[in-house]
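K.L.:
So here's run.pdb (PDB, C-alpha atoms and all ligand atoms).
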```pdb
ATOM      1  CA  MET A  25      19.109 -53.026 -69.443
ATOM      2  CA  ILE A  26      17.947 -54.789 -66.312
ATOM      3  CA  HIS A  27      21.360 -54.100 -64.884
ATOM      4  CA  ILE A  28      21.022 -50.328 -65.489
ATOM      5  CA  MET A  29      17.518 -50.269 -63.925
ATOM      6  CA  GLY A  30      18.949 -51.964 -60.858
ATOM      7  CA  ASP A  31      21.705 -49.341 -60.621
ATOM      8  CA  LEU A  32      19.150 -46.566 -60.966
ATOM      9  CA  ARG A  33      17.034 -48.067 -58.200
ATOM     10  CA  ASP A  34      20.071 -48.245 -55.954
ATOM     11  CA  THR A  35      20.952 -44.635 -56.720
ATOM     12  CA  THR A  36      17.395 -43.449 -56.031
ATOM     13  CA  ALA A  37      17.347 -45.312 -52.733
ATOM     14  CA  GLU A  38      20.698 -43.796 -51.837
ATOM     15  CA  ILE A  39      19.463 -40.274 -52.638
ATOM     16  CA  GLN A  40      16.324 -40.848 -50.573
ATOM     17  CA  ARG A  41      18.406 -42.099 -47.663
ATOM     18  CA  ARG A  42      20.653 -39.038 -47.835
ATOM     19  CA  GLU A  43      17.683 -36.700 -48.047
ATOM     20  CA  GLN A  44      16.164 -38.317 -44.971
ATOM     21  CA  GLU A  45      19.469 -37.983 -43.160
ATOM     22  CA  LEU A  46      19.603 -34.323 -44.102
ATOM     23  CA  ARG A  47      16.045 -33.773 -42.849
ATOM     24  CA  ASP A  48      16.895 -35.474 -39.564
ATOM     25  CA  LYS A  49      19.979 -33.318 -39.165
ATOM     26  CA  GLN A  50      17.991 -30.171 -39.912
ATOM     27  CA  GLU A  51      15.357 -31.192 -37.382
ATOM     28  CA  GLN A  52      18.084 -31.742 -34.794
ATOM     29  CA  LEU A  53      19.512 -28.314 -35.574
ATOM     30  CA  VAL A  54      16.128 -26.666 -35.102
ATOM     31  CA  GLN A  55      15.720 -28.445 -31.765
ATOM     32  CA  ALA A  56      19.219 -27.459 -30.710
ATOM     33  CA  GLY A  57      18.450 -23.878 -31.674
ATOM     34  CA  LYS A  58      15.266 -23.907 -29.617
ATOM     35  CA  LEU A  59      17.117 -25.322 -26.656
ATOM     36  CA  ALA A  60      19.837 -22.719 -26.982
ATOM     37  CA  THR A  61      17.228 -19.947 -26.986
ATOM     38  CA  LEU A  62      15.502 -21.529 -24.019
ATOM     39  CA  GLY A  63      18.827 -21.812 -22.226
ATOM     40  CA  GLU A  64      19.658 -18.188 -22.926
ATOM     41  CA  LEU A  65      16.232 -17.137 -21.784
ATOM     42  CA  THR A  66      16.408 -19.178 -18.587
ATOM     43  CA  THR A  67      19.828 -17.816 -17.726
ATOM     44  CA  GLY A  68      18.517 -14.331 -18.385
ATOM     45  CA  VAL A  69      15.414 -14.833 -16.273
ATOM     46  CA  ALA A  70      17.404 -16.294 -13.407
ATOM     47  CA  HIS A  71      19.731 -13.310 -13.555
ATOM     48  CA  GLU A  72      16.890 -10.800 -13.818
ATOM     49  CA  LEU A  73      14.853 -12.304 -10.989
ATOM     50  CA  ASN A  74      17.850 -12.633  -8.758
ATOM     51  CA  ASN A  75      18.094  -8.894  -8.377
ATOM     52  CA  PRO A  76      14.540  -8.097  -7.175
ATOM     53  CA  LEU A  77      14.620 -11.199  -4.955
ATOM     54  CA  ASN A  78      17.839 -10.028  -3.304
ATOM     55  CA  ASN A  79      16.352  -6.591  -2.770
ATOM     56  CA  ILE A  80      13.171  -8.046  -1.274
ATOM     57  CA  GLY A  81      15.357 -10.001   1.132
ATOM     58  CA  LEU A  82      17.205  -6.842   2.145
ATOM     59  CA  PHE A  83      14.124  -4.670   2.625
ATOM     60  CA  VAL A  84      12.186  -7.307   4.548
ATOM     61  CA  GLY A  85      15.332  -8.026   6.596
ATOM     62  CA  ASN A  86      15.528  -4.346   7.520
ATOM     63  CA  ALA A  87      11.888  -4.339   8.584
ATOM     64  CA  VAL A  88      12.452  -7.453  10.718
ATOM     65  CA  ASP A  89      15.492  -5.845  12.374
ATOM     66  CA  LEU A  90      13.582  -2.663  13.133
ATOM     67  CA  VAL A  91      10.760  -4.613  14.736
ATOM     68  CA  ASP A  92      13.247  -6.862  16.557
ATOM     69  CA  LEU A  93      15.115  -3.897  17.992
ATOM     70  CA  GLY A  94      11.857  -2.398  19.127
ATOM     71  CA  VAL A  95      12.309   0.654  16.919
ATOM     72  CA  ALA A  96       8.950   2.389  17.172
ATOM     73  CA  ASP A  97       9.357   4.344  13.919
ATOM     74  CA  ARG A  98       6.352   2.960  12.105
ATOM     75  CA  GLU A  99       6.995   5.032   9.006
ATOM     76  CA  ARG A 100      10.467   3.608   8.570
ATOM     77  CA  ILE A 101       9.184   0.053   8.805
ATOM     78  CA  VAL A 102       6.388   0.743   6.331
ATOM     79  CA  ARG A 103       8.895   2.334   3.967
ATOM     80  CA  GLU A 104      11.021  -0.812   3.967
ATOM     81  CA  LEU A 105       7.967  -2.955   3.325
ATOM     82  CA  LYS A 106       6.765  -0.705   0.520
ATOM     83  CA  ASN A 107      10.173  -0.953  -1.112
ATOM     84  CA  ALA A 108       9.877  -4.721  -0.883
ATOM     85  CA  MET A 109       6.421  -4.554  -2.501
ATOM     86  CA  GLN A 110       7.824  -2.585  -5.394
ATOM     87  CA  GLN A 111      10.442  -5.263  -5.983
ATOM     88  CA  VAL A 112       7.717  -7.916  -5.870
ATOM     89  CA  ARG A 113       5.885  -5.999  -8.601
ATOM     90  CA  LYS A 114       9.047  -5.892 -10.667
ATOM     91  CA  ALA A 115       9.518  -9.661 -10.379
ATOM     92  CA  THR A 116       5.866 -10.208 -11.300
ATOM     93  CA  GLU A 117       6.279  -7.966 -14.332
ATOM     94  CA  ILE A 118       9.247  -9.981 -15.562
ATOM     95  CA  ILE A 119       7.269 -13.202 -15.262
ATOM     96  CA  SER A 120       4.161 -11.813 -16.937
ATOM     97  CA  HIS A 121       6.227 -10.425 -19.813
ATOM     98  CA  LEU A 122       7.673 -13.856 -20.360
ATOM     99  CA  ARG A 123       4.249 -15.451 -20.318
ATOM    100  CA  THR A 124       3.134 -13.146 -23.115
ATOM    101  CA  PHE A 125       6.325 -13.940 -24.950
ATOM    102  CA  GLY A 126       5.585 -17.667 -24.814
ATOM    103  CA  ARG A 127       2.002 -17.166 -25.925
ATOM    104  CA  VAL A 128       2.813 -15.160 -29.018
ATOM    105  CA  ALA A 129       2.051 -17.940 -31.497
ATOM    106  CA  SER A 130      -1.318 -19.059 -30.200
ATOM    107  CA  VAL A 131      -3.556 -16.019 -29.837
ATOM    108  CA  SER A 132      -6.743 -15.302 -31.735
ATOM    109  CA  ARG A 133      -6.661 -13.124 -34.828
ATOM    110  CA  GLU A 134      -9.368 -10.896 -36.174
ATOM    111  CA  PRO A 135      -9.725  -7.662 -38.092
ATOM    112  CA  VAL A 136      -8.252  -4.866 -35.964
ATOM    113  CA  SER A 137      -8.596  -1.118 -36.420
ATOM    114  CA  ILE A 138      -5.182   0.475 -35.963
ATOM    115  CA  ASP A 139      -6.753   3.797 -34.952
ATOM    116  CA  GLN A 140      -8.695   2.120 -32.160
ATOM    117  CA  VAL A 141      -5.655   0.309 -30.832
ATOM    118  CA  ILE A 142      -3.624   3.533 -30.805
ATOM    119  CA  GLU A 143      -6.455   5.296 -28.980
ATOM    120  CA  ARG A 144      -6.648   2.550 -26.369
ATOM    121  CA  ALA A 145      -2.908   2.530 -25.780
ATOM    122  CA  LEU A 146      -2.959   6.312 -25.391
ATOM    123  CA  SER A 147      -5.842   6.253 -22.959
ATOM    124  CA  LEU A 148      -4.060   3.637 -20.852
ATOM    125  CA  MET A 149      -0.913   5.790 -20.812
ATOM    126  CA  GLN A 150      -2.805   9.067 -20.352
ATOM    127  CA  GLU A 151      -1.884   9.693 -16.720
ATOM    128  CA  GLN A 152       1.778   8.916 -17.268
ATOM    129  CA  LEU A 153       2.010  11.176 -20.294
ATOM    130  CA  ARG A 154       0.104  14.119 -18.880
ATOM    131  CA  GLY A 155       1.932  13.972 -15.552
ATOM    132  CA  ARG A 156       5.216  14.401 -17.437
ATOM    133  CA  ASP A 157       4.086  17.123 -19.846
ATOM    134  CA  ILE A 158       4.419  14.802 -22.815
ATOM    135  CA  GLU A 159       2.585  16.034 -25.899
ATOM    136  CA  ILE A 160       1.126  13.605 -28.383
ATOM    137  CA  ASP A 161       0.868  14.573 -32.008
ATOM    138  CA  LEU A 162      -1.395  12.230 -33.951
ATOM    139  CA  ASP A 163      -1.337  12.113 -37.715
ATOM    140  CA  LEU A 164      -3.626   9.257 -38.646
ATOM    141  CA  SER A 165      -4.345   8.152 -42.191
ATOM    142  CA  PRO A 166      -7.889   8.982 -43.333
ATOM    143  CA  ALA A 167      -7.989   5.461 -44.772
ATOM    144  CA  ALA A 168      -8.557   4.080 -41.209
ATOM    145  CA  PRO A 169      -6.257   1.112 -41.712
ATOM    146  CA  VAL A 170      -7.314  -2.376 -40.674
ATOM    147  CA  VAL A 171      -4.951  -5.306 -40.152
ATOM    148  CA  VAL A 172      -5.630  -8.930 -39.309
ATOM    149  CA  GLY A 173      -4.143  -9.653 -35.928
ATOM    150  CA  ASN A 174      -4.526  -9.434 -32.206
ATOM    151  CA  ALA A 175      -5.644  -6.125 -30.714
ATOM    152  CA  ILE A 176      -4.230  -6.878 -27.258
ATOM    153  CA  GLN A 177      -0.794  -7.691 -28.632
ATOM    154  CA  LEU A 178      -0.725  -4.654 -30.894
ATOM    155  CA  GLU A 179      -1.795  -2.503 -27.966
ATOM    156  CA  GLN A 180       1.121  -3.937 -26.026
ATOM    157  CA  VAL A 181       3.461  -2.939 -28.856
ATOM    158  CA  PHE A 182       2.255   0.664 -28.774
ATOM    159  CA  ILE A 183       2.427   0.781 -24.976
ATOM    160  CA  ASN A 184       6.008  -0.499 -25.090
ATOM    161  CA  LEU A 185       6.976   2.167 -27.614
ATOM    162  CA  LEU A 186       5.249   4.911 -25.631
ATOM    163  CA  THR A 187       6.841   3.775 -22.372
ATOM    164  CA  ASN A 188      10.279   3.812 -23.974
ATOM    165  CA  ALA A 189       9.668   7.253 -25.471
ATOM    166  CA  ARG A 190       8.546   8.480 -22.048
ATOM    167  CA  ASP A 191      11.775   7.219 -20.463
ATOM    168  CA  ALA A 192      13.995   8.551 -23.251
ATOM    169  CA  MET A 193      12.512  12.049 -22.913
ATOM    170  CA  ALA A 194      12.948  12.326 -19.139
ATOM    171  CA  ASP A 195      15.564  15.091 -19.553
ATOM    172  CA  SER A 196      14.305  16.657 -22.778
ATOM    173  CA  PRO A 197      13.166  20.282 -22.674
ATOM    174  CA  ARG A 198      10.396  19.542 -25.185
ATOM    175  CA  LYS A 199       8.667  16.210 -24.817
ATOM    176  CA  MET A 200       6.691  15.158 -27.848
ATOM    177  CA  VAL A 201       5.723  11.838 -29.383
ATOM    178  CA  ARG A 202       4.466  11.871 -32.919
ATOM    179  CA  ILE A 203       2.442   8.922 -34.113
ATOM    180  CA  SER A 204       1.587   8.700 -37.776
ATOM    181  CA  THR A 205      -0.038   6.079 -39.962
ATOM    182  CA  ARG A 206       0.009   5.761 -43.734
ATOM    183  CA  VAL A 207      -1.559   3.272 -46.062
ATOM    184  CA  VAL A 208       0.547   2.385 -49.079
ATOM    185  CA  HIS A 209      -1.079  -0.231 -51.310
ATOM    186  CA  ASP A 210      -1.370  -3.373 -49.212
ATOM    187  CA  VAL A 211       0.724  -2.260 -46.237
ATOM    188  CA  VAL A 212       0.187  -0.005 -43.251
ATOM    189  CA  ASP A 213       3.152   2.103 -42.137
ATOM    190  CA  LEU A 214       3.264   3.316 -38.564
ATOM    191  CA  VAL A 215       5.857   5.744 -37.275
ATOM    192  CA  PHE A 216       6.533   6.574 -33.621
ATOM    193  CA  SER A 217       9.035   9.360 -33.208
ATOM    194  CA  ASP A 218      10.068  11.145 -30.042
ATOM    195  CA  THR A 219      12.200  14.065 -28.911
ATOM    196  CA  GLY A 220      14.259  11.964 -26.496
ATOM    197  CA  SER A 221      17.898  11.005 -26.311
ATOM    198  CA  GLY A 222      17.845   8.776 -29.406
ATOM    199  CA  ILE A 223      19.386   5.325 -29.691
ATOM    200  CA  PRO A 224      23.085   5.313 -28.789
ATOM    201  CA  GLU A 225      25.186   4.620 -31.895
ATOM    202  CA  GLY A 226      25.873   0.970 -32.541
ATOM    203  CA  LEU A 227      22.989  -0.257 -30.385
ATOM    204  CA  GLU A 228      20.306  -0.149 -33.106
ATOM    205  CA  GLN A 229      20.183  -3.939 -33.389
ATOM    206  CA  ARG A 230      20.925  -4.873 -29.796
ATOM    207  CA  ILE A 231      17.981  -2.969 -28.360
ATOM    208  CA  PHE A 232      15.697  -5.707 -29.730
ATOM    209  CA  ASP A 233      17.540  -8.459 -27.815
ATOM    210  CA  PRO A 234      15.786  -9.943 -24.781
ATOM    211  CA  PHE A 235      17.049  -8.390 -21.522
ATOM    212  CA  PHE A 236      19.050  -5.693 -23.286
ATOM    213  CA  THR A 237      18.554  -2.464 -21.388
ATOM    214  CA  THR A 238      20.513   0.731 -20.822
ATOM    215  CA  LYS A 239      18.308   1.637 -17.891
ATOM    216  CA  GLU A 240      19.428   1.501 -14.305
ATOM    217  CA  VAL A 241      18.951  -1.628 -12.243
ATOM    218  CA  GLY A 242      15.337  -1.727 -11.181
ATOM    219  CA  GLN A 243      14.184   0.550 -14.020
ATOM    220  CA  GLY A 244      14.066  -1.583 -17.136
ATOM    221  CA  THR A 245      13.528  -5.262 -17.866
ATOM    222  CA  GLY A 246      14.939  -5.103 -21.383
ATOM    223  CA  LEU A 247      11.980  -7.144 -22.617
ATOM    224  CA  GLY A 248       9.765  -4.461 -24.153
ATOM    225  CA  LEU A 249      11.368  -4.302 -27.580
ATOM    226  CA  SER A 250      12.089  -7.995 -27.838
ATOM    227  CA  ILE A 251       8.395  -8.718 -27.220
ATOM    228  CA  THR A 252       7.473  -5.949 -29.644
ATOM    229  CA  TYR A 253       9.706  -7.465 -32.312
ATOM    230  CA  GLY A 254       8.151 -10.908 -31.734
ATOM    231  CA  ILE A 255       4.604  -9.592 -32.001
ATOM    232  CA  ILE A 256       5.277  -7.605 -35.177
ATOM    233  CA  LYS A 257       6.987 -10.567 -36.821
ATOM    234  CA  ASP A 258       4.092 -12.742 -35.794
ATOM    235  CA  HIS A 259       1.799 -10.332 -37.620
ATOM    236  CA  GLY A 260       3.852 -10.740 -40.784
ATOM    237  CA  GLY A 261       5.323  -7.278 -40.346
ATOM    238  CA  ALA A 262       8.669  -5.596 -39.773
ATOM    239  CA  ILE A 263      10.073  -3.049 -37.333
ATOM    240  CA  ALA A 264      13.096  -0.810 -37.720
ATOM    241  CA  VAL A 265      14.650   2.006 -35.766
ATOM    242  CA  ALA A 266      16.593   5.128 -36.657
ATOM    243  CA  ASN A 267      17.442   8.446 -35.070
ATOM    244  CA  ARG A 268      16.045  11.772 -36.222
ATOM    245  CA  PRO A 269      18.704  14.205 -37.450
ATOM    246  CA  GLN A 270      17.514  16.616 -34.736
ATOM    247  CA  GLY A 271      17.824  13.868 -32.114
ATOM    248  CA  GLY A 272      15.229  11.454 -30.807
ATOM    249  CA  ALA A 273      14.318   7.961 -31.941
ATOM    250  CA  VAL A 274      12.039   6.906 -34.780
ATOM    251  CA  PHE A 275      10.443   3.473 -34.734
ATOM    252  CA  GLN A 276       8.942   2.369 -38.034
ATOM    253  CA  ILE A 277       6.513  -0.499 -38.211
ATOM    254  CA  ARG A 278       5.125  -2.015 -41.372
ATOM    255  CA  LEU A 279       2.140  -4.354 -41.203
ATOM    256  CA  PRO A 280       0.252  -6.135 -43.978
ATOM    257  CA  ARG A 281      -3.129  -4.471 -44.539
ATOM    258  CA  ALA A 282      -6.206  -6.678 -44.187
ATOM    259  CA  PRO A 283      -7.527  -7.951 -47.543
ATOM    260  CA  ALA A 284     -10.348  -5.874 -49.051
ATOM    261  CA  ASP A 285     -13.022  -8.497 -48.311
ATOM    262  CA  THR A 286     -12.187  -8.640 -44.556
ATOM    263  CA  PRO A 287     -15.235  -7.972 -42.328
ATOM    264  CA  ALA A 288     -15.226  -4.673 -40.408
ATOM    265  CA  PRO A 289     -13.360  -4.830 -37.075
ATOM    266  CA  ALA A 290     -15.462  -5.189 -33.927
ATOM    267  CA  ALA A 291     -15.389  -2.205 -31.597
ATOM    268  CA  VAL A 292     -12.991  -2.607 -28.649
TER     269      VAL A 292
HETATM  270  N1  LIG A 301      12.507   5.764 -27.804
HETATM  271  C1  LIG A 301      13.735   5.412 -27.402
HETATM  272  N2  LIG A 301      14.734   6.334 -27.329
HETATM  273  C2  LIG A 301      15.980   5.981 -26.916
HETATM  274  N3  LIG A 301      16.336   4.730 -26.569
HETATM  275  C3  LIG A 301      15.393   3.767 -26.608
HETATM  276  C4  LIG A 301      14.060   4.044 -27.029
HETATM  277  N4  LIG A 301      13.357   2.889 -26.991
HETATM  278  C5  LIG A 301      14.217   1.935 -26.563
HETATM  279  N5  LIG A 301      15.443   2.448 -26.320
HETATM  280  C6  LIG A 301      16.627   1.710 -25.851
HETATM  281  O1  LIG A 301      16.370   0.324 -26.006
HETATM  282  C7  LIG A 301      16.565  -0.358 -24.761
HETATM  283  C8  LIG A 301      15.673  -1.575 -24.688
HETATM  284  O2  LIG A 301      14.313  -1.209 -24.633
HETATM  285  P1  LIG A 301      13.269  -2.238 -24.043
HETATM  286  O3  LIG A 301      13.439  -3.553 -24.724
HETATM  287  O4  LIG A 301      11.899  -1.635 -24.091
HETATM  288  O5  LIG A 301      13.727  -2.452 -22.538
HETATM  289  P2  LIG A 301      13.686  -1.418 -21.303
HETATM  290  O6  LIG A 301      12.734  -0.316 -21.660
HETATM  291  O7  LIG A 301      13.188  -2.247 -20.166
HETATM  292  O8  LIG A 301      15.102  -0.948 -21.125
HETATM  293  C9  LIG A 301      16.319   0.716 -23.715
HETATM  294  O9  LIG A 301      16.943   0.410 -22.496
HETATM  295  C10 LIG A 301      16.913   1.956 -24.387
HETATM  296  O10 LIG A 301      18.305   1.969 -24.256
HETATM  297 MG    MG A 302      10.839  -0.663 -22.502
END
```
So, in terms of structure tokens, how does the structure I just supplied come out?
P.N.:
Amino acid sequence: MIHIMGDLRDTTAEIQRREQELRDKQEQLVQAGKLATLGELTTGVAHELNNPLNNIGLFVGNAVDLVDLGVADRERIVRELKNAMQQVRKATEIISHLRTFGRVASVSREPVSIDQVIERALSLMQEQLRGRDIEIDLDLSPAAPVVVGNAIQLEQVFINLLTNARDAMADSPRKMVRISTRVVHDVVDLVFSDTGSGIPEGLEQRIFDPFFTTKEVGQGTGLGLSITYGIIKDHGGAIAVANRPQGGAVFQIRLPRAPADTPAPAAV
């Protein structure tokens, strides 16, 4: 009897040791995964920043040459410098996008009115949309959905989607973005559809990768959708994309609705 108890103790200790080993290995894997992501991100950032930095060098170099040669064409010099400024803005944008990306997990959460966030995103984009004859068709749920989350981040999501729709519709004869919200039990469904070029076949998953862009050098950072994906996931939601049969992309977002006893959202 004593002998069997001893065996059992040994076995239990052995199992515990193996479990610990497994936990350690898993922990190492998680760390390795994080490092891999960080490595990928760093390589991407280095690559992305390299391009505007090169351009800044070229434009400023041109300006220096013009001044050096005593070329009196002020306009030409200013043009070179303005081009350089634009590249500086692009580099800054890449950095600020990444900052937001890193912050995703540690922002405040409160009740947020989806209608208000959509309105804010639209008012921020107003000039850009009107200047390009882009129509907005709003079909908002009368239930005035509320989610628990971060208004600034959600606004960023909608701005990203609107910016992408704007770009995708550059050559469309009819430019229209339709935004609709629906409340189904405890979830809020949001749909952004546009009359643009649609997502090229086979790219439906890749468009969410960091730095994936089909836009020309200097046009896109490829970060919009990857940040959007991160924010939606962080809100316990999901995002998917499809093309409309008539052409144009449809982004579908599903977010958990705030529980019934949630206080009313503060006005933004
Ligand atoms: N509404 C859309 N219609 C067509 N293609 C889109 C749309 N939104 C995103 N895409 C595709 O997804 C890519 C990645 O988008 P995003 O991550 O926002 O980066 P960026 O806009 O800087 O290219 C775009 O380059 C484009 O190819
Ligand atoms: Mg974008």
K.L.:
Any residue with an atom at most 6 Å from ligand MG 302 (chain A) counts, using all atoms listed in the file. Which are they? Put them as a ChimeraX atom specification.
P.N.:
/A:184,187-188,248
K.L.:
Select, from A:Ile223, A:Val91, A:Val171, A:Ala291, the residue with the minimum atom-to-atom distance to Thr237 (chain A), counting all atoms listed in the file.
P.N.:
A:Ile223
K.L.:
Please find the residues contacting ligand LIG 301 (chain A) at a distance of at most 9 Å between atoms, with all atoms listed in the file counted, and report them as a count of residues only.
P.N.:
48
K.L.:
Leaving out region 142-145 of chain A and any residue of its chain fewer than 6 positions from it, which residues lie within 8 Å of it when counting only C-alpha atoms, given as a list in words?
P.N.:
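Contacts, with the query itself left out: Glu179, Gln180, Phe182 and Ile183 of chain A.
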K.L.:
Determine the axis-aligned bounding box of all atoms of region 181-200 of chain A present in the file, pad each side by 4 Å, and express its centre and edge lengths in Å to one decimal place as lines of an AutoDock Vina configuration file.
P.N.:
```
center_x = 8.9
center_y = 8.7
center_z = -24.0
size_x = 21.3
size_y = 31.2
size_z = 17.7
```
K.L.:
CA of Gln177 (chain A) and CA of Pro280 (chain A), how far apart in Å?
P.N.:
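The value is 15.5 Å.
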